[in-house]
>>> print(open('run-v4.txt').read())   # compact mmCIF, C-alpha atoms
# COMPACT_ATOMS: atom_id res chain seq x y z
CA MET D 14 -9.62 -53.70 15.80
CA LYS D 15 -11.27 -51.12 18.02
CA ILE D 16 -12.02 -47.77 16.34
CA LYS D 17 -11.29 -44.65 18.37
CA THR D 18 -13.93 -41.92 18.47
CA VAL D 19 -13.30 -38.26 19.34
CA TYR D 20 -15.31 -35.06 19.14
CA ARG D 21 -13.79 -32.39 16.87
CA CYS D 22 -14.72 -28.71 16.69
CA THR D 23 -15.84 -27.64 13.22
CA GLU D 24 -14.58 -24.10 13.80
CA CYS D 25 -11.11 -24.40 15.33
CA GLY D 26 -10.34 -28.13 14.91
CA ALA D 27 -9.80 -28.81 18.62
CA GLU D 28 -10.45 -32.40 19.76
CA SER D 29 -12.16 -33.61 22.90
CA LEU D 30 -12.79 -37.10 24.28
CA ARG D 31 -16.31 -36.16 25.40
CA TRP D 32 -19.08 -34.15 23.82
CA ALA D 33 -19.81 -30.72 25.26
CA GLY D 34 -22.22 -28.01 24.31
CA LYS D 35 -19.41 -25.46 23.93
CA CYS D 36 -15.93 -25.95 22.47
CA PRO D 37 -13.37 -25.61 25.30
CA MET D 38 -10.88 -23.88 22.98
CA CYS D 39 -12.83 -21.32 20.90
CA ASP D 40 -16.05 -21.16 23.00
CA THR D 41 -18.29 -21.88 19.99
CA TRP D 42 -21.63 -23.48 20.85
CA ASN D 43 -22.76 -26.79 19.26
CA SER D 44 -19.62 -27.13 17.13
CA LEU D 45 -18.35 -30.52 18.40
CA VAL D 46 -19.07 -33.41 16.02
CA GLU D 47 -18.21 -37.10 16.41
CA VAL D 48 -15.44 -38.41 14.13
CA GLU D 49 -13.56 -41.70 13.88
CA VAL D 50 -9.76 -41.66 13.96
CA GLU D 51 -7.06 -44.30 13.70
CA SER D 52 -5.43 -45.44 16.90
CA LYS D 53 -1.69 -44.99 17.44
CA THR D 54 -1.12 -48.70 16.70
CA GLN D 55 -2.98 -48.47 13.39
CA ARG D 56 -1.10 -45.34 12.33
CA LYS D 57 2.23 -46.91 13.25
CA ALA D 58 1.48 -50.10 11.29
CA SER D 59 0.28 -48.08 8.29
CA ALA D 60 3.44 -45.95 8.36
CA ILE D 61 5.67 -49.03 8.43
CA ARG D 62 3.85 -50.62 5.49
CA GLN D 63 4.01 -47.46 3.34
CA SER D 64 7.63 -46.50 4.11
CA ASP D 65 9.59 -47.00 0.82
CA ASN D 66 11.91 -44.01 1.39
CA VAL D 67 15.46 -44.60 2.50
CA PRO D 68 17.93 -41.96 3.74
CA VAL D 69 20.46 -40.73 1.13
CA ARG D 70 23.67 -38.74 1.31
CA PHE D 71 24.03 -35.24 -0.11
CA SER D 72 26.59 -36.60 -2.60
CA GLN D 73 23.91 -38.94 -4.00
CA ILE D 74 21.44 -36.13 -4.71
CA GLN D 75 21.56 -34.91 -8.32
CA ASP D 76 21.32 -31.18 -8.94
CA SER D 77 18.26 -30.09 -10.88
CA GLN D 78 17.71 -26.73 -12.56
CA ILE D 79 14.73 -24.81 -11.17
CA GLU D 80 12.38 -23.96 -14.03
CA ARG D 81 10.90 -20.49 -13.80
CA ILE D 82 8.19 -18.75 -15.80
CA SER D 83 8.37 -14.97 -16.13
CA THR D 84 5.20 -13.18 -15.05
CA GLY D 85 5.86 -10.34 -17.47
CA ILE D 86 5.78 -7.96 -14.50
CA GLN D 87 9.31 -7.01 -13.45
CA GLU D 88 8.45 -6.03 -9.88
CA LEU D 89 6.53 -9.27 -9.29
CA ASP D 90 9.32 -11.37 -10.81
CA ARG D 91 11.88 -9.83 -8.45
CA THR D 92 9.65 -10.34 -5.41
CA LEU D 93 9.15 -14.00 -6.33
CA GLY D 94 12.91 -14.44 -6.71
CA GLY D 95 13.11 -14.43 -10.52
CA GLY D 96 9.74 -15.72 -11.69
CA ILE D 97 7.20 -18.48 -11.03
CA VAL D 98 8.66 -21.84 -10.00
CA GLN D 99 6.78 -24.85 -11.33
CA GLY D 100 5.15 -26.81 -8.52
CA SER D 101 5.31 -23.85 -6.13
CA PHE D 102 2.52 -22.89 -3.73
CA VAL D 103 2.22 -19.12 -3.22
CA LEU D 104 0.03 -17.20 -0.76
CA ILE D 105 -0.81 -13.53 -1.37
CA GLY D 106 -2.48 -11.55 1.42
CA GLY D 107 -3.56 -7.96 1.89
CA ASP D 108 -6.38 -5.64 2.91
CA PRO D 109 -9.68 -5.73 0.97
CA GLY D 110 -9.51 -3.75 -2.28
CA ILE D 111 -5.74 -3.24 -2.17
CA GLY D 112 -5.17 -4.97 -5.53
CA LYS D 113 -4.48 -8.69 -4.94
CA SER D 114 -6.94 -9.95 -7.56
CA THR D 115 -5.99 -7.18 -9.95
CA LEU D 116 -2.30 -8.07 -9.78
CA LEU D 117 -2.87 -11.77 -10.43
CA LEU D 118 -5.30 -11.09 -13.28
CA GLN D 119 -2.71 -8.77 -14.85
CA MET D 120 -0.13 -11.52 -14.38
CA CYS D 121 -2.38 -13.94 -16.29
CA ALA D 122 -2.71 -11.38 -19.08
CA GLU D 123 1.07 -10.97 -19.38
CA ILE D 124 1.76 -14.74 -19.51
CA LYS D 125 0.50 -15.27 -23.06
CA ASP D 126 2.49 -18.45 -23.77
CA GLU D 127 0.94 -20.43 -20.91
CA THR D 128 -2.64 -21.45 -20.13
CA THR D 129 -3.75 -20.13 -16.75
CA LEU D 130 -6.79 -21.07 -14.70
CA TYR D 131 -8.45 -18.36 -12.60
CA VAL D 132 -10.79 -19.84 -9.98
CA THR D 133 -13.05 -17.31 -8.32
CA GLY D 134 -15.11 -18.14 -5.27
CA GLU D 135 -16.17 -14.58 -4.47
CA GLU D 136 -17.27 -13.20 -7.85
CA SER D 137 -19.25 -14.44 -10.84
CA ILE D 138 -17.63 -15.01 -14.22
CA HIS D 139 -19.46 -11.91 -15.51
CA GLN D 140 -17.86 -9.73 -12.82
CA ILE D 141 -14.43 -11.18 -13.65
CA ASN D 142 -15.10 -10.54 -17.34
CA GLN D 143 -15.86 -6.84 -16.69
CA ARG D 144 -12.65 -6.42 -14.70
CA ALA D 145 -10.61 -8.30 -17.31
CA LYS D 146 -11.89 -5.98 -20.05
CA ARG D 147 -10.83 -2.95 -18.00
CA LEU D 148 -7.36 -4.48 -17.53
CA ASN D 149 -7.18 -5.66 -21.17
CA ALA D 150 -6.76 -9.24 -19.94
CA THR D 151 -9.24 -11.17 -22.07
CA HIS D 152 -7.05 -13.37 -24.28
CA ASP D 153 -8.07 -17.01 -24.79
CA ASN D 154 -5.25 -18.53 -22.70
CA ILE D 155 -7.04 -17.48 -19.51
CA LEU D 156 -9.64 -19.98 -18.28
CA VAL D 157 -12.16 -18.76 -15.69
CA LEU D 158 -14.04 -20.99 -13.23
CA ALA D 159 -16.55 -19.75 -10.67
CA GLU D 160 -16.54 -22.51 -8.04
CA THR D 161 -16.32 -22.91 -4.26
CA ASN D 162 -16.25 -26.71 -4.02
CA LEU D 163 -12.68 -27.97 -3.55
CA GLU D 164 -13.25 -31.36 -5.18
CA ARG D 165 -14.60 -29.75 -8.37
CA ILE D 166 -11.67 -27.32 -8.40
CA LEU D 167 -9.15 -30.15 -8.09
CA TYR D 168 -10.92 -32.00 -10.92
CA ALA D 169 -10.65 -28.91 -13.13
CA ILE D 170 -6.94 -28.52 -12.31
CA GLU D 171 -6.23 -32.15 -13.22
CA ASN D 172 -8.24 -32.09 -16.46
CA THR D 173 -7.06 -28.81 -18.01
CA GLU D 174 -3.72 -28.11 -19.67
CA CYS D 175 -2.89 -25.23 -17.33
CA ARG D 176 0.44 -24.76 -15.52
CA ILE D 177 -0.59 -21.76 -13.39
CA ILE D 178 -3.69 -21.67 -11.19
CA ILE D 179 -5.09 -18.78 -9.12
CA ILE D 180 -7.52 -19.45 -6.25
CA ASP D 181 -9.47 -16.33 -5.23
CA SER D 182 -9.75 -16.80 -2.30
CA ILE D 183 -8.81 -19.64 0.08
CA GLN D 184 -11.45 -18.41 2.57
CA SER D 185 -14.25 -18.87 0.01
CA ILE D 186 -13.74 -22.56 -0.86
CA ARG D 187 -14.70 -25.60 1.17
CA THR D 188 -14.30 -29.37 1.02
CA GLU D 189 -17.10 -31.87 1.57
CA TYR D 190 -14.81 -33.92 3.83
CA ALA D 191 -14.81 -31.30 6.59
CA ASP D 192 -18.05 -30.47 8.35
CA ALA D 193 -17.47 -26.74 8.80
CA THR D 194 -18.33 -23.46 7.13
CA ALA D 195 -16.07 -21.92 4.48
CA GLY D 196 -13.40 -19.71 6.00
CA SER D 197 -13.19 -21.64 9.25
CA VAL D 198 -9.87 -22.90 10.59
CA VAL D 199 -10.71 -26.50 9.67
CA GLN D 200 -11.70 -25.67 6.08
CA ILE D 201 -8.68 -23.44 5.44
CA ARG D 202 -6.32 -26.07 6.80
CA GLU D 203 -7.85 -28.97 4.83
CA CYS D 204 -8.20 -26.99 1.57
CA GLY D 205 -4.68 -25.58 1.87
CA GLN D 206 -3.19 -29.04 2.42
CA ALA D 207 -5.07 -30.50 -0.56
CA LEU D 208 -4.00 -27.67 -2.87
CA MET D 209 -0.39 -27.99 -1.71
CA ASN D 210 -0.38 -31.70 -2.50
CA THR D 211 -1.87 -31.01 -5.92
CA ALA D 212 0.81 -28.41 -6.70
CA LYS D 213 3.64 -30.76 -5.78
CA LEU D 214 2.23 -33.88 -7.50
CA SER D 215 1.16 -32.15 -10.72
CA ASN D 216 4.15 -29.75 -10.87
CA LYS D 217 1.76 -26.84 -11.40
CA ALA D 218 2.15 -23.45 -9.72
CA ILE D 219 -0.81 -22.50 -7.54
CA PHE D 220 -1.42 -18.97 -6.22
CA ILE D 221 -3.96 -18.54 -3.43
CA ILE D 222 -5.33 -15.22 -2.22
CA GLY D 223 -5.81 -14.94 1.53
CA HIS D 224 -7.70 -12.45 3.64
CA VAL D 225 -6.00 -10.57 6.47
CA THR D 226 -7.24 -9.68 9.92
CA LYS D 227 -7.63 -6.12 11.21
CA GLU D 228 -4.13 -6.46 12.69
CA GLY D 229 -2.75 -7.00 9.17
CA ILE D 230 -1.79 -10.69 9.50
CA ILE D 231 -2.96 -13.56 7.30
CA ALA D 232 -6.35 -14.84 8.49
CA GLY D 233 -6.67 -18.51 9.32
CA PRO D 234 -4.39 -21.09 10.92
CA LYS D 235 -0.66 -20.43 11.02
CA VAL D 236 -0.11 -23.82 9.40
CA LEU D 237 -1.24 -22.27 6.10
CA GLU D 238 1.82 -19.98 6.09
CA HIS D 239 4.06 -22.92 7.01
CA ILE D 240 3.02 -25.21 4.16
CA VAL D 241 3.22 -22.63 1.35
CA ASP D 242 6.51 -21.95 -0.42
CA THR D 243 6.11 -18.18 -0.63
CA VAL D 244 4.12 -15.61 1.35
CA LEU D 245 3.59 -12.23 -0.33
CA LEU D 246 1.91 -9.40 1.58
CA PHE D 247 0.35 -6.41 -0.18
CA GLU D 248 0.80 -3.22 1.86
CA GLY D 249 -0.41 0.30 1.34
CA SER D 250 -2.62 3.08 2.65
CA LYS D 251 -6.06 3.87 1.28
CA ASN D 252 -4.99 7.52 1.19
CA TYR D 253 -2.19 6.77 -1.30
CA SER D 254 -2.21 5.16 -4.73
CA TYR D 255 1.09 3.34 -4.15
CA ARG D 256 1.32 -0.30 -3.06
CA ILE D 257 4.22 -2.42 -1.79
CA LEU D 258 4.33 -6.16 -2.44
CA ARG D 259 6.61 -7.63 0.22
CA ALA D 260 8.01 -11.19 0.36
CA MET D 261 7.64 -12.39 3.96
CA LYS D 262 8.73 -15.96 3.14
CA ASN D 263 10.33 -17.40 0.01
CA ARG D 264 11.86 -20.86 -0.41
CA PHE D 265 13.05 -19.98 -3.92
CA GLY D 266 14.46 -16.48 -3.39
CA SER D 267 15.32 -13.70 -1.00
CA THR D 268 12.98 -12.78 1.84
CA ASN D 269 11.97 -9.18 2.57
CA GLU D 270 12.24 -8.40 -1.15
CA ILE D 271 9.70 -5.82 -2.34
CA GLY D 272 7.97 -4.65 -5.49
CA ILE D 273 6.35 -1.22 -5.75
CA PHE D 274 3.20 -0.52 -7.76
CA GLU D 275 0.84 2.38 -8.35
CA MET D 276 -2.90 1.77 -8.56
CA SER D 277 -4.63 3.51 -11.46
CA GLY D 278 -7.96 3.22 -13.23
CA TYR D 279 -6.44 0.66 -15.58
CA GLY D 280 -4.83 -1.56 -12.96
CA LEU D 281 -1.45 -1.64 -11.26
CA ARG D 282 1.52 0.17 -12.79
CA GLU D 283 5.09 -0.76 -11.92
CA VAL D 284 7.17 1.89 -10.18
CA LEU D 285 10.67 1.34 -11.53
CA ASN D 286 12.20 4.25 -9.57
CA PRO D 287 11.07 3.68 -5.95
CA SER D 288 12.65 6.89 -4.67
CA GLU D 289 10.01 8.94 -6.49
CA VAL D 290 7.41 7.50 -4.10
CA PHE D 291 9.19 8.74 -0.98
CA LEU D 292 10.25 12.20 -2.18
CA SER D 293 7.55 14.86 -2.16
CA THR D 294 9.67 17.55 -3.83
CA ARG D 295 13.34 18.26 -4.38
CA ASP D 296 12.95 22.06 -4.17
CA ASN D 297 11.44 22.20 -0.69
CA ASN D 298 13.25 24.70 1.55
CA ASP D 299 11.15 24.28 4.69
CA SER D 300 12.49 23.36 8.10
CA GLY D 301 11.79 19.94 9.58
CA ILE D 302 12.73 17.96 6.44
CA ALA D 303 15.68 15.58 6.09
CA LEU D 304 16.54 12.94 3.49
CA SER D 305 17.95 9.47 4.05
CA ALA D 306 18.88 6.38 2.00
CA ALA D 307 17.12 3.24 3.23
CA ILE D 308 17.29 -0.36 2.02
CA GLU D 309 14.11 -2.37 1.46
CA GLY D 310 15.00 -5.91 0.43
CA THR D 311 17.75 -5.22 -2.09
CA LEU D 312 16.37 -1.85 -3.23
CA PRO D 313 18.01 1.41 -2.12
CA ILE D 314 15.35 4.07 -1.57
CA ILE D 315 15.76 7.78 -0.89
CA ALA D 316 13.20 8.55 1.83
CA GLU D 317 12.03 11.98 2.99
CA VAL D 318 11.60 12.30 6.76
CA GLN D 319 9.34 15.11 8.00
CA ALA D 320 9.13 16.37 11.58
CA LEU D 321 7.03 19.01 13.29
CA VAL D 322 7.93 20.34 16.75
CA GLY D 323 5.46 22.75 18.32
CA ALA D 324 4.43 24.06 21.70
CA SER D 325 2.22 21.68 23.66
CA ASN D 326 -1.19 22.83 24.86
CA TYR D 327 -1.66 19.82 27.15
CA GLY D 328 -0.07 18.67 30.37
CA VAL D 329 1.59 15.72 28.67
CA PRO D 330 3.26 16.52 25.31
CA GLN D 331 2.32 14.31 22.35
CA ARG D 332 4.74 11.96 20.58
CA SER D 333 3.16 10.80 17.34
CA SER D 334 4.43 8.79 14.36
CA ASN D 335 2.14 7.11 11.83
CA ILE D 336 4.93 5.14 10.16
CA PHE D 337 8.23 5.42 12.03
CA ASP D 338 8.55 3.18 15.12
CA ILE D 339 7.30 5.22 18.06
CA LYS D 340 9.62 3.48 20.54
CA ARG D 341 12.62 4.30 18.38
CA LEU D 342 11.42 7.91 18.15
CA GLN D 343 11.32 8.13 21.95
CA MET D 344 14.86 6.73 22.13
CA ILE D 345 16.14 9.32 19.63
CA LEU D 346 14.49 12.13 21.62
CA ALA D 347 16.11 10.87 24.82
CA VAL D 348 19.54 10.88 23.12
CA LEU D 349 19.01 14.42 21.79
CA GLU D 350 18.03 15.66 25.24
CA LYS D 351 20.93 13.93 26.98
CA ARG D 352 23.75 14.53 24.46
CA LEU D 353 22.74 17.90 22.97
CA GLY D 354 21.01 19.44 25.98
CA LEU D 355 17.75 20.03 24.11
CA ASN D 356 14.54 20.17 26.12
CA PHE D 357 11.42 18.76 24.46
CA GLY D 358 9.40 18.56 27.67
CA HIS D 359 6.96 21.29 26.53
CA ASN D 360 6.77 20.35 22.83
CA ASP D 361 4.52 18.12 20.76
CA ILE D 362 6.54 16.12 18.20
CA PHE D 363 5.15 14.55 15.05
CA VAL D 364 7.22 12.44 12.61
CA ASN D 365 6.20 11.25 9.16
CA ILE D 366 7.82 9.53 6.16
CA ALA D 367 6.62 10.73 2.75
CA GLY D 368 4.90 8.07 0.67
CA GLY D 369 2.83 6.46 3.42
CA PHE D 370 4.89 3.26 3.73
CA SER D 371 6.55 1.73 6.76
CA ILE D 372 10.34 1.45 6.38
CA ASN D 373 11.99 -0.78 8.98
CA ASP D 374 15.56 0.47 8.62
CA THR D 375 17.61 1.95 11.46
CA SER D 376 19.59 4.03 8.93
CA LEU D 377 16.75 6.58 9.14
CA ASP D 378 17.72 7.48 12.74
CA LEU D 379 20.09 10.27 11.76
CA ALA D 380 17.56 11.81 9.35
CA VAL D 381 14.83 11.66 12.02
CA ALA D 382 17.12 13.40 14.52
CA GLY D 383 18.09 15.99 11.90
CA ALA D 384 14.47 16.72 10.97
CA ILE D 385 13.46 17.11 14.64
CA VAL D 386 16.32 19.52 15.44
CA SER D 387 15.64 21.39 12.17
CA SER D 388 12.00 21.95 13.13
CA PHE D 389 12.86 22.72 16.76
CA ARG D 390 15.38 25.43 15.75
CA ASP D 391 13.45 26.41 12.59
CA THR D 392 16.60 25.86 10.52
CA VAL D 393 16.53 24.49 6.97
CA ILE D 394 18.66 21.48 6.01
CA ASP D 395 20.17 21.66 2.53
CA ASN D 396 17.92 19.65 0.19
CA LYS D 397 21.01 18.31 -1.63
CA THR D 398 22.26 16.58 1.55
CA VAL D 399 21.37 13.02 2.58
CA LEU D 400 21.78 11.63 6.12
CA ILE D 401 22.56 7.94 6.73
CA GLY D 402 23.26 6.32 10.08
CA GLU D 403 21.96 4.53 13.14
CA ILE D 404 22.04 6.37 16.47
CA GLY D 405 23.28 4.59 19.60
CA LEU D 406 22.33 5.39 23.17
CA THR D 407 25.66 7.13 23.81
CA GLY D 408 25.10 9.47 20.85
CA GLU D 409 27.41 7.64 18.43
CA VAL D 410 26.50 7.34 14.76
CA ARG D 411 26.79 3.66 13.92
CA SER D 412 27.35 2.06 10.53
CA VAL D 413 24.61 0.18 8.67
CA GLN D 414 24.65 -2.48 5.97
CA TYR D 415 25.03 -1.85 2.23
CA MET D 416 26.68 1.56 2.65
CA GLU D 417 28.21 1.49 -0.84
CA LYS D 418 24.87 0.69 -2.48
CA ARG D 419 23.18 3.52 -0.57
CA ILE D 420 25.83 6.08 -1.52
CA LEU D 421 25.66 5.03 -5.19
CA GLU D 422 21.87 5.59 -5.17
CA VAL D 423 22.36 9.03 -3.60
CA GLN D 424 24.94 9.88 -6.27
CA LYS D 425 22.76 8.57 -9.11
CA LEU D 426 19.85 10.82 -8.10
CA GLY D 427 22.01 13.96 -8.22
CA PHE D 428 22.60 14.78 -4.54
CA ASN D 429 25.95 16.44 -3.87
CA ARG D 430 26.61 15.56 -0.19
CA VAL D 431 26.00 12.64 2.15
CA ILE D 432 26.56 12.44 5.92
CA THR D 433 27.59 8.91 6.92
CA PRO D 434 29.08 6.99 9.86
CA ILE D 435 32.76 6.13 9.73
CA LEU D 436 33.03 4.06 6.54
CA PRO D 437 34.62 0.59 6.45
CA LYS D 438 38.16 0.45 5.07
CA ASP D 439 37.05 -1.36 1.91
CA ILE D 440 34.90 1.61 0.81
CA LYS D 441 37.05 4.31 -0.79
CA LYS D 442 35.64 7.83 -0.96
CA GLU D 443 37.65 8.51 -4.13
CA LYS D 444 35.37 6.25 -6.23
CA PHE D 445 32.40 8.59 -5.65
CA THR D 446 31.85 12.00 -7.22
CA LEU D 447 29.79 13.51 -4.38
CA GLU D 448 31.10 14.84 -1.06
CA ILE D 449 31.11 12.26 1.75
CA VAL D 450 31.32 13.53 5.34
CA SER D 451 31.95 10.74 7.89
CA VAL D 452 31.05 11.47 11.51
CA GLY D 453 31.32 9.48 14.73
CA LYS D 454 28.91 11.38 16.98
CA ILE D 455 25.47 12.88 16.49
CA THR D 456 26.81 16.26 17.63
CA ASP D 457 29.27 16.24 14.72
CA ALA D 458 26.53 15.30 12.25
CA LEU D 459 24.16 18.07 13.36
CA ARG D 460 27.02 20.58 13.30
CA GLU D 461 27.60 19.69 9.65
CA ILE D 462 23.98 20.07 8.53
CA MET D 463 22.98 23.12 10.59
>>> encode(input="run-v4.txt", output="structure tokens")
Amino acid sequence: MKIKTVYRCTECGAESLRWAGKCPMCDTWNSLVEVEVESKTQRKASAIRQSDNVPVRFSQIQDSQIERISTGIQELDRTLGGGIVQGSFVLIGGDPGIGKSTLLLQMCAEIKDETTLYVTGEESIHQINQRAKRLNATHDNILVLAETNLERILYAIENTECRIIIIDSIQSIRTEYADATAGSVVQIRECGQALMNTAKLSNKAIFIIGHVTKEGIIAGPKVLEHIVDTVLLFEGSKNYSYRILRAMKNRFGSTNEIGIFEMSGYGLREVLNPSEVFLSTRDNNDSGIALSAAIEGTLPIIAEVQALVGASNYGVPQRSSNIFDIKRLQMILAVLEKRLGLNFGHNDIFVNIAGGFSINDTSLDLAVAGAIVSSFRDTVIDNKTVLIGEIGLTGEVRSVQYMEKRILEVQKLGFNRVITPILPKDIKKEKFTLEIVSVGKITDALREIM
């Protein structure tokens, strides 16, 4: 039977029927190599011969209990959905030096009842040993392998009694069956697929560390994120010691769940009270500060919103926000100008959220508006008052999800008043000990806090 020949790019994997000096997709020179592929008829015949599966009904599928292994780190367990699932394939990404390797090495140290295999392709075993001593993670159940060849790594996984494997990193390993450099699209795709198959067939959990681009997304082909069971993204600013581990995808638990850590000289420390990260001080009596109760995953967090409104020295006033969505800030300013008659046309406005983390929750709208008006009028908002609510274009204060959980967090931390939208009928104010003021318009809310 005739064998089909194509030319495949070693960098991006694009195929071409004819050889060319430059890849038509990624514009890389001299990257097209000749490969033999099966024809459609051959693939179809092979699929028919190997097809033993038959469709089944849901009633014929037996329920099986998902086995989980605790990592010994409470924040990591919650982000994973309750622990490590056997046979799972987990991708952890983040900026260089943010703590990905440190977290997984600490996880290996905490799992003392299981043998773990740490494969490093970027460091020597002596470098890993020095870090492990600093983290107190040198017990004998941790096996270390410095290797970049995929076939040797797979051999080690199959021939060691380990149930948890860490690959550091996916960009550093390569397979001999793909003629491309390590870290290229072809190598990441082939190595990721091989590791995924190994995890499923051997029922061993495999964690892979992935690099991110300057835009903050996982480097490599998007197919890598599709084939893994869980995608965890480490976030944080180099100017802060706090880190957020966020679940972007999870087949065995809730998505958008987070774990909060603090980086120290002895590794990552769990932050069991997240609100302490976002509150600079409880005794601050300055203008331009308002508090809100946000939800990240399932965690209620008291966040401190700071605003500074000053006279502009330029023709076009500045609108700046390092963390809060700048488009949402512009919308809130437009509502304040239209509904309250305020004029910010000659003022620079800066908005910040204490802690250095991005919180994507519209419940911060009311606190942002309160902080801006507080700074504009140089009026202090009571530091025992918390503002919760989304602002609509007509100036209404709209309800948000998990209102009861937010109010309970506010009450637990000792605040005595909360400004909320009109509460649903199933939430009774009598069950709370703090004062709850429900408002329908932003004008009513600002009248209460000013």
>>> closest_residue(input="run-v4.txt", among="D:Gln99, D:Ser334, D:Thr407, D:Ser305", to="Ala347 of chain D", atoms="only C-alpha atoms")
D:Thr407
>>> residues_around(input="run-v4.txt", residues="Leu245 of chain D", least_positions_apart="6", cutoff="10 Å", atoms="only C-alpha atoms", output="VMD selection string")
chain D and resid 89 92 to 93 103 to 107 113 222 to 223 257 to 263 268 to 271
>>> closest_residue(input="run-v4.txt", among="D:Ala218, D:Val225, D:Ala458, D:Leu353", to="Arg411 of chain D", atoms="only C-alpha atoms")
D:Ala458
>>> atom_distance(input="run-v4.txt", atom1="atom CA of Glu160 of chain D", atom2="atom CA of Met120 of chain D")
20.7 Å
>>> atom_distance(input="run-v4.txt", atom1="atom CA of Leu116 of chain D", atom2="atom CA of Ile86 of chain D")
9.4 Å
>>> atom_distance(input="run-v4.txt", atom1="atom CA of Asn154 of chain D", atom2="atom CA of Thr128 of chain D")
4.7 Å
>>> axis_aligned_box(input="run-v4.txt", around="segment 348-367 of chain D", padding_each_side="8 Å", output="lines of an AutoDock Vina configuration file")
center_x = 14.1
center_y = 15.4
center_z = 15.2
size_x = 35.2
size_y = 27.8
size_z = 40.9
>>> closest_residue(input="run-v4.txt", among="D:Leu406, D:Ala316, D:Ile385, D:Ile435", to="Val423 of chain D", atoms="only C-alpha atoms")
D:Ala316
>>> residues_near_point(input="run-v4.txt", point="(16.1, 12.9, 17.8)", cutoff="6 Å", atoms="only C-alpha atoms", output="list in words")
Ile345, Leu346, Leu349, Ala382 and Ile385 of chain D
>>> closest_residue(input="run-v4.txt", among="D:Asn172, D:Glu403, D:Arg81, D:Lys397", to="Gly427 of chain D", atoms="only C-alpha atoms")
D:Lys397
>>> residues_around(input="run-v4.txt", residues="segment 35-41 of chain D", least_positions_apart="3", cutoff="8 Å", atoms="only C-alpha atoms", output="list in words")
Cys22, Glu24, Cys25, Ala27, Ser44 and Leu45 of chain D
>>> residues_near_point(input="run-v4.txt", point="(-12.7, -26.7, 13.0)", cutoff="10 Å", atoms="only C-alpha atoms", output="list in words")
Arg21, Cys22, Thr23, Glu24, Cys25, Gly26, Ala27, Glu28, Cys39, Ser44, Leu45, Val46, Ala191, Asp192, Ala193, Thr194, Gly196, Ser197, Val198, Val199, Gln200, Ile201, Arg202 and Glu203 of chain D
>>> residues_around(input="run-v4.txt", residues="Asn142 of chain D", least_positions_apart="6", cutoff="10 Å", atoms="all atoms listed in the file", output="JSON, numbers by chain")
{"D": [148, 150, 151, 157]}
